[in-house]
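Taking it in order: structure first as structure tokens, then the write-up.
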Amino acid sequence: MLATLISLLFVAPNWVRSITNEKQPNVFWSEYVVWPLIQIVVVLFIVLTLVAYLVYLERKVSAFMQARLGPMRVGPWGLLQPLADGLKLLLKEDIVPLKADRAVFIIAPIVSVVAALVVLAVIPWGATWATIANVNIGLLFILAVSSVGVLGLVLAGWGSNSKYSLLGALRSSAQMVSYEIGMGLSIIGALMFAKTLSMSGIIESQRISGVWYVFFQPLGFLIYAVSALGETNRAPFDLPEAESELVAGYHTEYSGFRWALFFMAEYSAMIVTSAVAVTVFLGGWMLPGLTGTSLFGIGPISDPTIHTFASIIVFGAKIMALIYAYMWFRWTWPRYRYDQLMELGWKWMIPAGLANIVLTGIWYVLALPKSQGGVFGFLRDEKGQLVPKGAGILYFIITAFIVTIPIVWGLLVTINRRSRDFNLTEQRQLQSQLRRERLEKMLQEQPKPAESVGQ
Amino acid sequence: MPAATTPAAKRTIGQLIKRLLLLDLFKGLMVTFKYNARALYEPRDGGNPNQAIYTEQYPLEPARVSERFRGAPRLNLDPENGNTLCIACDLCALACPVDCIEVGSIRREVREGEKVNKKKVLTTFIFDTSRCMFCNLCSEACPTDCLELTQSFELAVYHRAGFRWDREMLEKGINYVRYAK
């Protein structure tokens, strides 16, 4: 226990320690300065390159789904397109509108992109040394900092001094604030099982129980996925910048590299929300039989270095799968109307999240060991942590899929049974009918003007 | 959730299940996914409207042009002796609604075997492609199938004089820009 804790605390590899010439107990420079800096540079480089290539991927995926080819001219299969785009954005004229609030206009994209990139520090990219900072409030930190991103949008909308930007910012911030609640609520069910907010800790508790939390929390995962789409302003919830119907939204007045910063923030937010989903629900960097746990006796890779690299690849693959799903949704489903968006957020996602928490809590308390007041005693104490084992796993999966989902669905239908009663077309027809009747009555009461002329 | 097309009371069990499981959404997802998957493995086959990728990379590969497309004009030659088929009858110039054809000819004695006939012989043929509207009336009027509108469409030139095609250009065709792949 103590040894694992120490190994978790000191993660810098030996070669870093040899650079700084430090001995085992005093490892301040290697542990807190040199190694994190190396990690930050590597992660930033990889993520920013990935962001550029996500744009390429998005264009290719959309093209393939629409029977087109996508970018083909820059490099083989257009692979150098992101480079050309980046170069173009760098060389563009830096325009600040004359009547814009200059300081706010310049700060806004920086706030946005910093909020999106800071979060990368606590994401567990892989086993052991592949996390920059294993903070014990990691998940809370991610949720808190990514909501600062809304500030960037509001500042951009305000600072541009343009009605389109302001309206776009209003819409995006309203949407992001609404969907943040559903996102936070959906995670809590999984946190009941993990009992920690540390990102690495959540993966570790999934490793101990041997089950990804998506099986315990299918509803939570669903709510998280929908809220993440809303949170990152992506289709089918991309109405702040609905390119087919609006001007660009909050970044209408931005061009050149400032606009690119907003774009970067958006795509980094995509990576971050997928990383959180992977960590909390999809077992992080674990793949049975390859990394983390064993499958049918085929153990995880024994060599620690290879194991860590494999874990990074697994984590990346899971993130990419989720991002592909994002793109898939975007190029398949039509956009929600604004009132439908708000209805989905407030009347479906938030009640569902609350109900999921209550029901999960009930199942959890029922499954506690009998010494702690439970009924079934499915949870067992393992290394100081309560872990579902054997029948317990089956119990939680069955309750989640067969009991929780129908109950929550019934609840939501009951809550929202009258939300579609107001029919605009019928209302209009009713109003015009009433008006016609009123007019006819008026005509009958008045003497006819034609007759008065004739007399 | 998606708006109901029918009031709740009239909904059948099938519709209810479809709505509960969001089947329509998944149906849509399958359509796009199939296109995406086919785009990755299916060989591209020009002109087939049912293929996964319909894009035609025009400068890299020859453009697909309809059979009945009317493009650059051409004066056909007799394939046996290489003489022009044009008999300078001027019917094409008469048929042309925009007067873009000018046929120049002289009357001359032509020896055909033993006889010597007095005949009209073509000297110049000027075709103004900037005024032509590719209506094909000239080609219809031609009694010897000499004048014809071909399928090539790259008619752009750098100055207006280039639009006046003379007899040589019409007989040999112009030098098109060919893009290497």
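Following the order of the structure tokens, chains are lettered A, B, ..., residues in each are numbered from 1, and ligands are numbered from 1.
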
Could you list, as a ChimeraX atom specification, the residues of chain B having an atom within 7 Å of chain A when counting only C-alpha atoms?
/B:1,28-29,32-33,35-36,39,52-55

Take the residues that were just selected and, keeping C-alpha atoms, output them as a short mmCIF file (atom, residue, chain, number, x, y, z; two decimals), in the first residue's frame.
data_model
loop_
_atom_site.label_atom_id
_atom_site.label_comp_id
_atom_site.auth_asym_id
_atom_site.auth_seq_id
_atom_site.Cartn_x
_atom_site.Cartn_y
_atom_site.Cartn_z
CA MET B 1 -36.82 14.57 -27.69
CA GLY B 28 -29.69 7.79 -40.08
CA LEU B 29 -26.37 6.94 -38.45
CA THR B 32 -23.80 7.87 -43.12
CA PHE B 33 -21.60 5.13 -41.70
CA TYR B 35 -21.12 5.78 -47.01
CA ASN B 36 -18.04 6.40 -44.90
CA ALA B 39 -15.57 5.42 -49.33
CA ALA B 52 -19.50 5.89 -52.59
CA ILE B 53 -17.50 8.89 -53.86
CA TYR B 54 -18.93 10.80 -56.76
CA THR B 55 -16.26 13.50 -56.93
#

Review point. Out of A:Pro36, A:Gly377, A:Pro236, A:Gly220, which residue has the shortest atom-to-atom distance to Val408 in chain A when counting only C-alpha atoms?
Key: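 Result for the nearest residue to Val408 in chain A: A:Gly220.
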
request  = Fewer than 3 positions away in the same chain doesn't count, so skip those; otherwise give me all residues within 10 Å of Asn134 in chain A, counting only C-alpha atoms, as number ranges by chain.
outcome  = A: 8-9, 11, 121-124, 128-131, 137-138, 198-201

Item to complete: Can you check which residues of range 6-170 of chain B DSSP gives as helix (DSSP H, G or I) on the backbone and send them as JSON, numbers by chain?
Response: {"B": [8, 9, 10, 13, 14, 15, 16, 17, 18, 19, 20, 23, 24, 25, 26, 27, 28, 29, 30, 31, 32, 33, 34, 35, 36, 37, 38, 39, 40, 41, 91, 92, 93, 94, 95, 137, 138, 139, 140, 141, 160, 161, 162, 163, 167, 168, 169, 170]}

- [ ] Would you mind listing what lies within 8 Å of Tyr254 in chain A as JSON, numbers by chain, with only C-alpha atoms counted and same-chain residues fewer than 4 positions away left out?
- [x] {"A": [95, 96, 258, 259]}

> If you run DSSP on this backbone, which residues of range 184-302 of chain A come out as strand (DSSP E or B), and could you give them as a list in words?
Replying inline: Leu287, Thr291, Leu295 and Ile298 of chain A

Name the residues in contact with range 126-141 of chain B at a cut-off of 10 Å, using only C-alpha atoms, excluding same-chain residues fewer than 5 positions from it; report them as a count of residues only. 39
